Structures are given as structure tokens and as C-alpha cells.
>>> print(open('work.cif').read())   # mmCIF, C-alpha atoms, pLDDT in the B column; chains and numbers go by the auth columns
data_coords
#
loop_
_atom_site.group_PDB
_atom_site.id
_atom_site.type_symbol
_atom_site.label_atom_id
_atom_site.label_comp_id
_atom_site.label_asym_id
_atom_site.label_seq_id
_atom_site.Cartn_x
_atom_site.Cartn_y
_atom_site.Cartn_z
_atom_site.B_iso_or_equiv
_atom_site.auth_seq_id
_atom_site.auth_asym_id
ATOM 1 C CA MET A 1 141.223 96.153 86.860 44.00 1 A
ATOM 2 C CA ASN A 2 141.203 94.588 83.376 46.00 2 A
ATOM 3 C CA ALA A 3 138.276 94.349 80.974 43.00 3 A
ATOM 4 C CA ARG A 4 137.528 90.705 81.821 43.00 4 A
ATOM 5 C CA ILE A 5 137.223 91.458 85.544 37.00 5 A
ATOM 6 C CA LEU A 6 135.116 94.538 84.827 35.00 6 A
ATOM 7 C CA ALA A 7 132.728 92.419 82.762 39.00 7 A
ATOM 8 C CA ALA A 8 132.423 89.898 85.580 38.00 8 A
ATOM 9 C CA VAL A 9 131.727 92.651 88.110 35.00 9 A
ATOM 10 C CA ALA A 10 129.059 94.110 85.821 39.00 10 A
ATOM 11 C CA GLY A 11 127.428 90.696 85.554 42.00 11 A
ATOM 12 C CA LEU A 12 127.339 90.300 89.320 39.00 12 A
ATOM 13 C CA ALA A 13 125.841 93.764 89.672 41.00 13 A
ATOM 14 C CA ALA A 14 123.059 92.847 87.268 42.00 14 A
ATOM 15 C CA LEU A 15 122.308 89.703 89.257 44.00 15 A
ATOM 16 C CA ALA A 16 122.247 91.683 92.469 43.00 16 A
ATOM 17 C CA GLY A 17 119.458 93.823 91.078 45.00 17 A
ATOM 18 C CA CYS A 18 117.228 90.695 91.063 49.00 18 A
ATOM 19 C CA THR A 19 115.358 91.699 87.919 47.00 19 A
ATOM 20 C CA VAL A 20 115.063 89.952 84.578 44.00 20 A
ATOM 21 C CA PRO A 21 114.703 92.658 81.881 53.00 21 A
ATOM 22 C CA ASN A 22 114.061 90.153 79.086 63.00 22 A
ATOM 23 C CA ASP A 23 111.833 87.239 78.082 67.00 23 A
ATOM 24 C CA ALA A 24 113.989 84.393 79.375 73.00 24 A
ATOM 25 C CA SER A 25 111.920 83.636 82.485 89.00 25 A
ATOM 26 C CA VAL A 26 108.562 85.431 82.601 95.00 26 A
ATOM 27 C CA ARG A 27 107.312 86.917 79.342 95.00 27 A
ATOM 28 C CA VAL A 28 104.243 88.577 77.893 97.00 28 A
ATOM 29 C CA PHE A 29 103.575 86.164 75.047 97.00 29 A
ATOM 30 C CA GLY A 30 100.759 87.744 73.061 97.00 30 A
ATOM 31 C CA MET A 31 97.410 89.524 72.874 98.00 31 A
ATOM 32 C CA CYS A 32 94.449 87.167 73.144 98.00 32 A
ATOM 33 C CA TYR A 33 91.391 87.358 70.911 98.00 33 A
ATOM 34 C CA PRO A 34 88.589 88.291 73.307 97.00 34 A
ATOM 35 C CA PRO A 35 85.982 85.635 74.143 96.00 35 A
ATOM 36 C CA ASP A 36 82.302 85.968 73.316 95.00 36 A
ATOM 37 C CA PRO A 37 80.350 87.306 76.305 94.00 37 A
ATOM 38 C CA THR A 38 77.918 84.904 77.918 94.00 38 A
ATOM 39 C CA GLU A 39 74.226 85.768 77.982 90.00 39 A
ATOM 40 C CA THR A 40 74.708 86.957 81.558 91.00 40 A
ATOM 41 C CA GLY A 41 77.420 89.396 80.426 91.00 41 A
ATOM 42 C CA VAL A 42 80.431 87.441 81.718 95.00 42 A
ATOM 43 C CA CYS A 43 83.813 87.439 79.927 96.00 43 A
ATOM 44 C CA ALA A 44 85.479 84.100 80.716 96.00 44 A
ATOM 45 C CA TYR A 45 89.210 83.825 79.998 96.00 45 A
ATOM 46 C CA PRO A 46 91.173 80.529 79.768 94.00 46 A
ATOM 47 C CA THR A 47 94.690 80.086 81.138 94.00 47 A
ATOM 48 C CA SER A 48 96.143 80.624 77.660 97.00 48 A
ATOM 49 C CA CYS A 49 94.957 82.353 74.500 97.00 49 A
ATOM 50 C CA SER A 50 92.516 80.242 72.486 95.00 50 A
ATOM 51 C CA ALA A 51 93.468 82.500 69.552 97.00 51 A
ATOM 52 C CA LEU A 52 95.806 85.457 69.154 98.00 52 A
ATOM 53 C CA PHE A 53 94.576 88.945 68.307 97.00 53 A
ATOM 54 C CA LEU A 54 96.676 90.233 65.401 94.00 54 A
ATOM 55 C CA GLY A 55 95.309 93.715 64.805 93.00 55 A
ATOM 56 C CA ASN A 56 95.532 97.143 66.402 97.00 56 A
ATOM 57 C CA VAL A 57 93.206 98.236 69.178 98.00 57 A
ATOM 58 C CA GLU A 58 91.068 101.329 69.680 97.00 58 A
ATOM 59 C CA GLY A 59 89.624 102.975 72.768 97.00 59 A
ATOM 60 C CA ASP A 60 87.588 105.987 73.830 97.00 60 A
ATOM 61 C CA VAL A 61 88.965 108.278 76.548 97.00 61 A
ATOM 62 C CA ALA A 62 85.387 109.326 77.339 96.00 62 A
ATOM 63 C CA SER A 63 84.749 105.833 78.714 95.00 63 A
ATOM 64 C CA ASP A 64 83.655 105.759 82.351 92.00 64 A
ATOM 65 C CA SER A 65 85.271 102.368 83.024 95.00 65 A
ATOM 66 C CA ILE A 66 87.073 102.345 86.393 94.00 66 A
ATOM 67 C CA ASP A 67 89.788 100.205 84.798 95.00 67 A
ATOM 68 C CA GLY A 68 90.515 102.821 82.128 97.00 68 A
ATOM 69 C CA PRO A 69 89.442 103.342 78.529 97.00 69 A
ATOM 70 C CA LEU A 70 91.490 100.484 77.051 98.00 70 A
ATOM 71 C CA ILE A 71 92.187 97.110 78.646 98.00 71 A
ATOM 72 C CA TRP A 72 93.179 93.891 76.899 98.00 72 A
ATOM 73 C CA PRO A 73 93.683 90.184 77.716 98.00 73 A
ATOM 74 C CA VAL A 74 97.303 89.074 77.296 98.00 74 A
ATOM 75 C CA GLN A 75 98.950 85.710 77.874 98.00 75 A
ATOM 76 C CA VAL A 76 101.845 85.633 80.339 97.00 76 A
ATOM 77 C CA ASP A 77 104.192 82.612 80.399 97.00 77 A
ATOM 78 C CA ASN A 78 106.411 81.463 83.257 95.00 78 A
ATOM 79 C CA GLN A 79 109.283 79.662 81.537 92.00 79 A
ATOM 80 C CA ARG A 80 111.174 78.746 84.694 88.00 80 A
ATOM 81 C CA ILE A 81 111.370 75.074 85.631 84.00 81 A
ATOM 82 C CA THR A 82 110.476 73.672 89.011 82.00 82 A
ATOM 83 C CA ASN A 83 113.130 74.018 91.714 74.00 83 A
ATOM 84 C CA ALA A 84 111.517 71.530 94.113 72.00 84 A
ATOM 85 C CA ASN A 85 113.405 68.324 94.784 67.00 85 A
ATOM 86 C CA ASP A 86 112.673 64.815 96.088 56.00 86 A
ATOM 87 C CA SER A 87 113.529 65.756 99.668 60.00 87 A
ATOM 88 C CA GLY A 88 110.252 67.649 99.933 56.00 88 A
ATOM 89 C CA SER A 89 111.365 71.241 99.442 63.00 89 A
ATOM 90 C CA ARG A 90 108.678 73.572 98.123 68.00 90 A
ATOM 91 C CA ASP A 91 108.675 74.923 94.580 77.00 91 A
ATOM 92 C CA THR A 92 109.419 78.647 94.778 85.00 92 A
ATOM 93 C CA ALA A 93 109.536 79.407 91.034 89.00 93 A
ATOM 94 C CA THR A 94 105.868 80.361 90.753 92.00 94 A
ATOM 95 C CA ALA A 95 105.705 83.957 89.481 95.00 95 A
ATOM 96 C CA TRP A 96 103.323 86.478 91.054 96.00 96 A
ATOM 97 C CA ILE A 97 102.463 89.440 88.827 97.00 97 A
ATOM 98 C CA GLU A 98 102.037 92.557 90.960 97.00 98 A
ATOM 99 C CA GLY A 99 101.876 95.389 88.443 98.00 99 A
ATOM 100 C CA TYR A 100 102.675 96.844 85.053 98.00 100 A
ATOM 101 C CA LYS A 101 105.006 99.561 83.811 98.00 101 A
ATOM 102 C CA ILE A 102 103.874 101.260 80.599 98.00 102 A
ATOM 103 C CA HIS A 103 105.805 103.596 78.309 98.00 103 A
ATOM 104 C CA TYR A 104 103.977 105.451 75.516 98.00 104 A
ATOM 105 C CA SER A 105 104.895 106.932 72.150 98.00 105 A
ATOM 106 C CA VAL A 106 102.225 109.058 70.446 97.00 106 A
ATOM 107 C CA SER A 107 101.602 110.806 67.137 97.00 107 A
ATOM 108 C CA GLY A 108 98.881 112.466 65.108 95.00 108 A
ATOM 109 C CA LEU A 109 97.715 115.182 67.488 94.00 109 A
ATOM 110 C CA ALA A 110 99.579 118.436 68.105 93.00 110 A
ATOM 111 C CA ALA A 111 98.009 118.966 71.536 92.00 111 A
ATOM 112 C CA VAL A 112 99.422 115.657 72.810 95.00 112 A
ATOM 113 C CA ARG A 113 103.170 115.370 72.282 94.00 113 A
ATOM 114 C CA SER A 114 103.788 112.789 75.008 96.00 114 A
ATOM 115 C CA ILE A 115 102.147 110.712 77.735 96.00 115 A
ATOM 116 C CA PRO A 116 103.977 110.180 81.038 96.00 116 A
ATOM 117 C CA ASP A 117 105.083 106.643 81.882 98.00 117 A
ATOM 118 C CA VAL A 118 102.746 104.924 84.326 98.00 118 A
ATOM 119 C CA ASP A 119 103.090 102.207 86.962 98.00 119 A
ATOM 120 C CA VAL A 120 99.858 100.314 87.644 97.00 120 A
ATOM 121 C CA SER A 121 99.728 98.139 90.758 96.00 121 A
ATOM 122 C CA ILE A 122 97.320 95.174 90.740 95.00 122 A
ATOM 123 C CA SER A 123 96.199 92.409 93.079 94.00 123 A
ATOM 124 C CA ARG A 124 98.757 89.596 92.861 93.00 124 A
ATOM 125 C CA HIS A 125 98.170 87.137 90.024 94.00 125 A
ATOM 126 C CA PRO A 126 100.043 83.775 89.939 94.00 126 A
ATOM 127 C CA VAL A 127 101.686 82.158 86.919 95.00 127 A
ATOM 128 C CA LYS A 128 102.656 78.577 87.727 92.00 128 A
ATOM 129 C CA VAL A 129 106.018 77.066 86.831 92.00 129 A
ATOM 130 C CA GLY A 130 106.093 76.069 83.168 91.00 130 A
ATOM 131 C CA GLY A 131 102.577 77.411 82.763 94.00 131 A
ATOM 132 C CA SER A 132 100.603 80.328 81.398 96.00 132 A
ATOM 133 C CA THR A 133 97.793 82.586 82.493 96.00 133 A
ATOM 134 C CA VAL A 134 95.689 85.261 80.848 97.00 134 A
ATOM 135 C CA VAL A 135 95.625 88.633 82.591 97.00 135 A
ATOM 136 C CA ILE A 136 93.741 91.803 81.763 97.00 136 A
ATOM 137 C CA ALA A 137 96.437 94.380 81.051 97.00 137 A
ATOM 138 C CA PRO A 138 95.667 98.080 81.658 97.00 138 A
ATOM 139 C CA VAL A 139 96.921 99.281 78.267 98.00 139 A
ATOM 140 C CA VAL A 140 95.485 102.769 78.911 98.00 140 A
ATOM 141 C CA PRO A 141 94.587 103.040 82.620 98.00 141 A
ATOM 142 C CA GLY A 142 92.156 105.508 84.113 97.00 142 A
ATOM 143 C CA SER A 143 94.817 108.099 84.991 97.00 143 A
ATOM 144 C CA VAL A 144 95.950 108.312 81.354 98.00 144 A
ATOM 145 C CA GLY A 145 92.360 108.389 80.109 97.00 145 A
ATOM 146 C CA THR A 146 91.569 111.331 82.399 97.00 146 A
ATOM 147 C CA LEU A 147 94.672 113.198 81.223 97.00 147 A
ATOM 148 C CA LEU A 148 93.847 112.690 77.552 97.00 148 A
ATOM 149 C CA PHE A 149 90.185 113.590 78.003 97.00 149 A
ATOM 150 C CA GLY A 150 91.304 117.048 79.114 97.00 150 A
ATOM 151 C CA LEU A 151 93.674 117.459 76.155 97.00 151 A
ATOM 152 C CA MET A 152 91.520 116.131 73.314 97.00 152 A
ATOM 153 C CA ALA A 153 88.407 117.489 71.646 97.00 153 A
ATOM 154 C CA ASP A 154 85.464 115.319 70.628 96.00 154 A
ATOM 155 C CA GLY A 155 86.237 113.433 67.430 94.00 155 A
ATOM 156 C CA GLU A 156 90.025 113.871 67.622 96.00 156 A
ATOM 157 C CA LEU A 157 92.198 110.774 67.264 96.00 157 A
ATOM 158 C CA LEU A 158 95.616 109.936 68.699 97.00 158 A
ATOM 159 C CA ASN A 159 97.883 107.125 67.499 98.00 159 A
ATOM 160 C CA PHE A 160 99.886 105.392 70.209 98.00 160 A
ATOM 161 C CA GLU A 161 102.362 102.630 70.932 98.00 161 A
ATOM 162 C CA ALA A 162 102.419 101.217 74.451 98.00 162 A
ATOM 163 C CA GLU A 163 105.394 99.216 75.719 98.00 163 A
ATOM 164 C CA LEU A 164 104.023 97.024 78.488 98.00 164 A
ATOM 165 C CA LYS A 165 106.207 95.348 81.122 97.00 165 A
ATOM 166 C CA ALA A 166 104.836 93.080 83.847 97.00 166 A
ATOM 167 C CA TYR A 167 106.703 92.887 87.152 97.00 167 A
ATOM 168 C CA GLY A 168 106.435 91.024 90.435 97.00 168 A
ATOM 169 C CA HIS A 169 108.101 88.387 92.598 95.00 169 A
ATOM 170 C CA TYR A 170 108.766 84.674 92.584 93.00 170 A
ATOM 171 C CA GLY A 171 107.834 82.498 95.529 89.00 171 A
ATOM 172 C CA ASP A 172 111.336 82.875 96.982 87.00 172 A
ATOM 173 C CA GLY A 173 111.065 86.683 97.005 90.00 173 A
ATOM 174 C CA GLU A 174 113.289 87.326 93.977 92.00 174 A
ATOM 175 C CA SER A 175 111.803 90.029 91.751 94.00 175 A
ATOM 176 C CA PHE A 176 111.318 89.945 87.983 95.00 176 A
ATOM 177 C CA GLU A 177 110.431 92.350 85.201 96.00 177 A
ATOM 178 C CA THR A 178 109.516 91.178 81.717 96.00 178 A
ATOM 179 C CA GLY A 179 110.882 92.608 78.531 95.00 179 A
ATOM 180 C CA PRO A 180 108.671 95.200 76.812 96.00 180 A
ATOM 181 C CA PHE A 181 105.650 93.983 74.853 97.00 181 A
ATOM 182 C CA LYS A 182 104.393 96.466 72.251 98.00 182 A
ATOM 183 C CA ILE A 183 100.707 97.218 71.728 98.00 183 A
ATOM 184 C CA VAL A 184 99.706 99.561 68.892 98.00 184 A
ATOM 185 C CA GLY A 185 96.417 101.364 68.644 97.00 185 A
ATOM 186 C CA ARG A 186 94.376 104.538 68.456 97.00 186 A
ATOM 187 C CA LEU A 187 92.532 106.614 71.036 98.00 187 A
ATOM 188 C CA GLY A 188 89.725 109.085 70.508 97.00 188 A
ATOM 189 C CA ARG A 189 87.303 111.159 72.528 97.00 189 A
ATOM 190 C CA ASN A 190 83.653 110.220 72.059 94.00 190 A
ATOM 191 C CA ASN A 191 84.594 108.198 68.987 92.00 191 A
ATOM 192 C CA ILE A 192 83.070 104.887 70.128 89.00 192 A
ATOM 193 C CA ALA A 193 79.486 105.302 71.288 80.00 193 A
ATOM 194 C CA GLN A 194 77.563 102.879 73.453 76.00 194 A
ATOM 195 C CA PRO A 195 74.361 102.359 71.395 73.00 195 A
ATOM 196 C CA VAL A 196 71.270 103.376 73.351 73.00 196 A
ATOM 197 C CA ASN A 197 67.594 103.002 72.580 69.00 197 A
ATOM 198 C CA SER A 198 66.335 106.595 72.836 68.00 198 A
ATOM 199 C CA ALA A 199 62.804 105.410 73.572 69.00 199 A
ATOM 200 C CA THR A 200 63.674 103.223 76.562 71.00 200 A
ATOM 201 C CA GLY A 201 67.141 104.433 77.571 72.00 201 A
ATOM 202 C CA SER A 202 68.464 100.856 77.489 72.00 202 A
ATOM 203 C CA PRO A 203 71.380 99.884 75.225 74.00 203 A
ATOM 204 C CA PHE A 204 70.800 97.742 72.162 76.00 204 A
ATOM 205 C CA CYS A 205 72.776 96.762 69.092 81.00 205 A
ATOM 206 C CA SER A 206 71.408 99.147 66.495 74.00 206 A
ATOM 207 C CA ALA A 207 70.747 102.742 67.483 69.00 207 A
ATOM 208 C CA LEU A 208 68.638 103.195 64.330 66.00 208 A
ATOM 209 C CA ASP A 209 66.049 100.484 64.818 70.00 209 A
ATOM 210 C CA ALA A 210 64.490 99.647 68.191 69.00 210 A
ATOM 211 C CA SER A 211 63.356 96.267 66.865 73.00 211 A
ATOM 212 C CA LYS A 212 66.945 95.067 66.493 75.00 212 A
ATOM 213 C CA PRO A 213 68.505 92.676 69.018 81.00 213 A
ATOM 214 C CA MET A 214 69.356 94.097 72.423 84.00 214 A
ATOM 215 C CA TYR A 215 72.919 94.676 73.577 85.00 215 A
ATOM 216 C CA VAL A 216 74.081 92.394 76.412 88.00 216 A
ATOM 217 C CA ALA A 217 77.816 92.908 76.941 90.00 217 A
ATOM 218 C CA SER A 218 81.224 93.425 75.331 93.00 218 A
ATOM 219 C CA CYS A 219 84.504 91.620 75.999 96.00 219 A
ATOM 220 C CA PRO A 220 86.779 92.927 77.325 97.00 220 A
ATOM 221 C CA GLN A 221 84.522 95.987 77.802 95.00 221 A
ATOM 222 C CA ALA A 222 82.323 98.482 75.958 92.00 222 A
ATOM 223 C CA ARG A 223 83.556 101.609 74.131 94.00 223 A
ATOM 224 C CA GLN A 224 86.746 99.984 72.874 96.00 224 A
ATOM 225 C CA THR A 225 87.785 97.262 70.446 96.00 225 A
ATOM 226 C CA SER A 226 85.774 94.304 71.719 95.00 226 A
ATOM 227 C CA VAL A 227 83.513 91.368 70.929 93.00 227 A
ATOM 228 C CA MET A 228 79.849 92.331 71.365 90.00 228 A
ATOM 229 C CA LEU A 229 76.945 90.030 72.222 89.00 229 A
ATOM 230 C CA CYS A 230 73.414 90.849 71.138 86.00 230 A
ATOM 231 C CA ILE A 231 70.303 88.796 71.859 84.00 231 A
ATOM 232 C CA ALA A 232 66.871 88.860 70.295 81.00 232 A
ATOM 233 C CA ALA A 233 64.767 91.815 71.310 73.00 233 A
ATOM 234 C CA PRO A 234 61.864 90.906 73.618 67.00 234 A
ATOM 235 C CA THR A 235 58.519 90.612 71.896 65.00 235 A
ATOM 236 C CA LYS A 236 55.601 92.730 73.049 59.00 236 A
#
>>> encode(input="work.cif", output="C-alpha cells")
Amino acid sequence: MNARILAAVAGLAALAGCTVPNDASVRVFGMCYPPDPTETGVCAYPTSCSALFLGNVEGDVASDSIDGPLIWPVQVDNQRITNANDSGSRDTATAWIEGYKIHYSVSGLAAVRSIPDVDVSISRHPVKVGGSTVVIAPVVPGSVGTLLFGLMADGELLNFEAELKAYGHYGDGESFETGPFKIVGRLGRNNIAQPVNSATGSPFCSALDASKPMYVASCPQARQTSVMLCIAAPTK
């Protein structure tokens, strides 16, 4: 079998795997700048980033969030074109995100030399043909946060890079996997405190002065890089 035939066979084998390990069809486009929380504590996300977040992120492994200590809104694009035709056939190129694969590289802490790769399954999330959607990616899910909490001491910091891949299926059942999208940040243990009014036990925006505005919510969540909303403290 000559080299040309071998190359053709290899190409067919790749197609048979039904995955797309690049950004040609579905891609993670970018990290969104978080929205301001509403006064009822809601974080409302559009179908595409209103602005991109260009910095590094930080989270606290002591967070009690069920989603993990570090989540982030990312824009996912479906670059396929419609495959419906005039005879009435349905469009099957809608992409359904079903989970994320995450690979980590770490540095800065001798007690943590590596973090195991994780696979996080989610409820299916559609991305329409030629469209975009914003999803909340589990950059550091709860399982990783629990692992690191047991390995780190209070005040210690760990630098990390997370390579995030989204995977799922199209409407016709063909599977896809995006190319890796890199997120850089830092994790600590009890390094990001939720400010609490010691007199009342309720959170507010300045732990040093009970007359300061009260804390309402953070987007995407508290105890990580986020956008915080504070409102005027109630008058007595």
C-alpha cells in the first residue's frame, strides 16, 4: 500500500470517528465579561458576549458552590451552515453541547504537581446553525475543588492553565468535540472572602463599616473573579 493510499485510509478513519478536534465547526470563541447582577441577584447572559474578558481569573477552593469554585461564561459558535433544503427536510446541523473535557497544567505549589483531567456532563444546551450561545463553563468543577481543598493550606496559591473542550452531538446524531480553549488563572484556599456584617450575620460590601452598601449578588458567583452588586444600606 503506497503513501497516497495510506493517507486516504487515515482520512477515512478520522471521519469514521465522527469527531471534530478543531474549531472548523463548533468552537469556543471567547470568555465573556460577566454582566452586572440585577437587584434581585440574577445574572442574565445574552446569546453572545457583549464584551470579552481579557484577563486571568481567580477562584477559592473553599467555596461551597455546587457548581465548583470557578465557573465562567464563554461564547460557543456553531459555524456549520444549514443542511435543510426546499423539499422540507429538517435542519440537523444544530449543535447540542453535552459536556466538557478539561486538562490542567499547574505550577507554584509543591504539594500540587498535577490535577487529573475531568469530564463534566451537563444538561444539553443548543447552539443554532450559524449562531452563538453563552454557556457557563465549569473551569474548576466541584470534584477538582474538593481535591485541591485537601491538598492546600489556607492562604496558599496555585497557578493553573485549563484547556477546555466542549463536546456533544448534532441533530443528526454525529458527534463533535471542539479544539482546546485555554483559560489561565489562580486558585487559593480561603483567599477570597465573602464579606459579612459581624453584627447581623448578613453579607455586605465592606466588612469594615456596617453603614456601607449591602451586598446583593456576584456574577458569575461569589468567592471568585466576578462583578459584584451593592445597594444602599437600609436606613434605621
>>> closest_atom_pairs(input="work.cif", of="segment 196-225 of chain A", to="segment 34-50 of chain A", cutoff="10 Å", atoms="only C-alpha atoms", output="CSV")
residue,atom,partner,partner_atom,distance
A:Tyr215,CA,A:Gly41,CA,9.7
A:Val216,CA,A:Gly41,CA,6.0
A:Ala217,CA,A:Gly41,CA,5.0
A:Ser218,CA,A:Pro37,CA,6.3
A:Cys219,CA,A:Cys43,CA,5.8
A:Pro220,CA,A:Pro34,CA,6.4
A:Gln221,CA,A:Cys43,CA,8.8
A:Thr225,CA,A:Pro34,CA,9.5
>>> resolve_selection(input="work.cif", expression="the PyMOL selection byres ((chain A and resi 28) around 8)", output="PyMOL selection string")
chain A and resi 23+26-27+29-30+74-77+165-166+178-179+181
>>> write_last_selection(input="work.cif", atoms="C-alpha atoms", output="PDB file, keeping the file's coordinate frame")
ATOM      1  CA  ASP A  23     111.833  87.239  78.082  1.00 67.00           C
ATOM      2  CA  VAL A  26     108.562  85.431  82.601  1.00 95.00           C
ATOM      3  CA  ARG A  27     107.312  86.917  79.342  1.00 95.00           C
ATOM      4  CA  PHE A  29     103.575  86.164  75.047  1.00 97.00           C
ATOM      5  CA  GLY A  30     100.759  87.744  73.061  1.00 97.00           C
ATOM      6  CA  VAL A  74      97.303  89.074  77.296  1.00 98.00           C
ATOM      7  CA  GLN A  75      98.950  85.710  77.874  1.00 98.00           C
ATOM      8  CA  VAL A  76     101.845  85.633  80.339  1.00 97.00           C
ATOM      9  CA  ASP A  77     104.192  82.612  80.399  1.00 97.00           C
ATOM     10  CA  LYS A 165     106.207  95.348  81.122  1.00 97.00           C
ATOM     11  CA  ALA A 166     104.836  93.080  83.847  1.00 97.00           C
ATOM     12  CA  THR A 178     109.516  91.178  81.717  1.00 96.00           C
ATOM     13  CA  GLY A 179     110.882  92.608  78.531  1.00 95.00           C
ATOM     14  CA  PHE A 181     105.650  93.983  74.853  1.00 97.00           C
TER      15      PHE A 181
END
>>> closest_residue(input="work.cif", among="A:Ser25, A:Val139, A:Glu156, A:Leu109", to="Val127 of chain A", atoms="all atoms listed in the file")
A:Ser25
>>> residues_around(input="work.cif", residues="Glu98 of chain A", least_positions_apart="3", cutoff="12 Å", atoms="all atoms listed in the file", output="list in words")
Ala95, Lys101, Asp119, Val120, Ser121, Ile122, Ser123, Arg124, His125, Pro126, Val127, Val135, Ala137, Lys165, Ala166, Tyr167, Gly168, His169, Tyr170, Ser175, Phe176, Glu177 and Thr178 of chain A
>>> atom_distance(input="work.cif", atom1="atom CA of Pro141 of chain A", atom2="atom CA of Ile183 of chain A")
13.8 Å
>>> residues_around(input="work.cif", residues="Pro116 of chain A", least_positions_apart="6", cutoff="12 Å", atoms="all atoms listed in the file", output="PDB file with C-alpha atoms, in the coordinates of the input")
ATOM      1  CA  LYS A 101     105.006  99.561  83.811  1.00 98.00           C
ATOM      2  CA  ILE A 102     103.874 101.260  80.599  1.00 98.00           C
ATOM      3  CA  HIS A 103     105.805 103.596  78.309  1.00 98.00           C
ATOM      4  CA  TYR A 104     103.977 105.451  75.516  1.00 98.00           C
ATOM      5  CA  SER A 105     104.895 106.932  72.150  1.00 98.00           C
ATOM      6  CA  VAL A 106     102.225 109.058  70.446  1.00 97.00           C
ATOM      7  CA  VAL A 140      95.485 102.769  78.911  1.00 98.00           C
ATOM      8  CA  PRO A 141      94.587 103.040  82.620  1.00 98.00           C
ATOM      9  CA  SER A 143      94.817 108.099  84.991  1.00 97.00           C
ATOM     10  CA  VAL A 144      95.950 108.312  81.354  1.00 98.00           C
ATOM     11  CA  GLY A 145      92.360 108.389  80.109  1.00 97.00           C
ATOM     12  CA  LEU A 147      94.672 113.198  81.223  1.00 97.00           C
ATOM     13  CA  LEU A 148      93.847 112.690  77.552  1.00 97.00           C
ATOM     14  CA  ALA A 162     102.419 101.217  74.451  1.00 98.00           C
TER      15      ALA A 162
END
>>> resolve_selection(input="work.cif", expression="the PyMOL selection byres ((chain A and resi 214) around 7)", output="MDAnalysis selection string")
chainID A and resid 203:205 212:213 215:216 230:233
>>> residues_near_point(input="work.cif", point="(92.2, 111.2, 79.7)", cutoff="12 Å", atoms="all atoms listed in the file", output="PyMOL selection string")
chain A and resi 59-65+68-70+112+115-116+140-153+158+187-190
>>> write_last_selection(input="work.cif", atoms="C-alpha atoms", output="CSV table (one decimal), in the coordinates of the input")
chain,number,residue,atom,x,y,z
A,59,GLY,CA,89.6,103.0,72.8
A,60,ASP,CA,87.6,106.0,73.8
A,61,VAL,CA,89.0,108.3,76.5
A,62,ALA,CA,85.4,109.3,77.3
A,63,SER,CA,84.7,105.8,78.7
A,64,ASP,CA,83.7,105.8,82.4
A,65,SER,CA,85.3,102.4,83.0
A,68,GLY,CA,90.5,102.8,82.1
A,69,PRO,CA,89.4,103.3,78.5
A,70,LEU,CA,91.5,100.5,77.1
A,112,VAL,CA,99.4,115.7,72.8
A,115,ILE,CA,102.1,110.7,77.7
A,116,PRO,CA,104.0,110.2,81.0
A,140,VAL,CA,95.5,102.8,78.9
A,141,PRO,CA,94.6,103.0,82.6
A,142,GLY,CA,92.2,105.5,84.1
A,143,SER,CA,94.8,108.1,85.0
A,144,VAL,CA,96.0,108.3,81.4
A,145,GLY,CA,92.4,108.4,80.1
A,146,THR,CA,91.6,111.3,82.4
A,147,LEU,CA,94.7,113.2,81.2
A,148,LEU,CA,93.8,112.7,77.6
A,149,PHE,CA,90.2,113.6,78.0
A,150,GLY,CA,91.3,117.0,79.1
A,151,LEU,CA,93.7,117.5,76.2
A,152,MET,CA,91.5,116.1,73.3
A,153,ALA,CA,88.4,117.5,71.6
A,158,LEU,CA,95.6,109.9,68.7
A,187,LEU,CA,92.5,106.6,71.0
A,188,GLY,CA,89.7,109.1,70.5
A,189,ARG,CA,87.3,111.2,72.5
A,190,ASN,CA,83.7,110.2,72.1
>>> closest_residue(input="work.cif", among="A:Ala110, A:Leu157, A:Ala93, A:Ala24", to="Glu58 of chain A", atoms="only C-alpha atoms")
A:Leu157
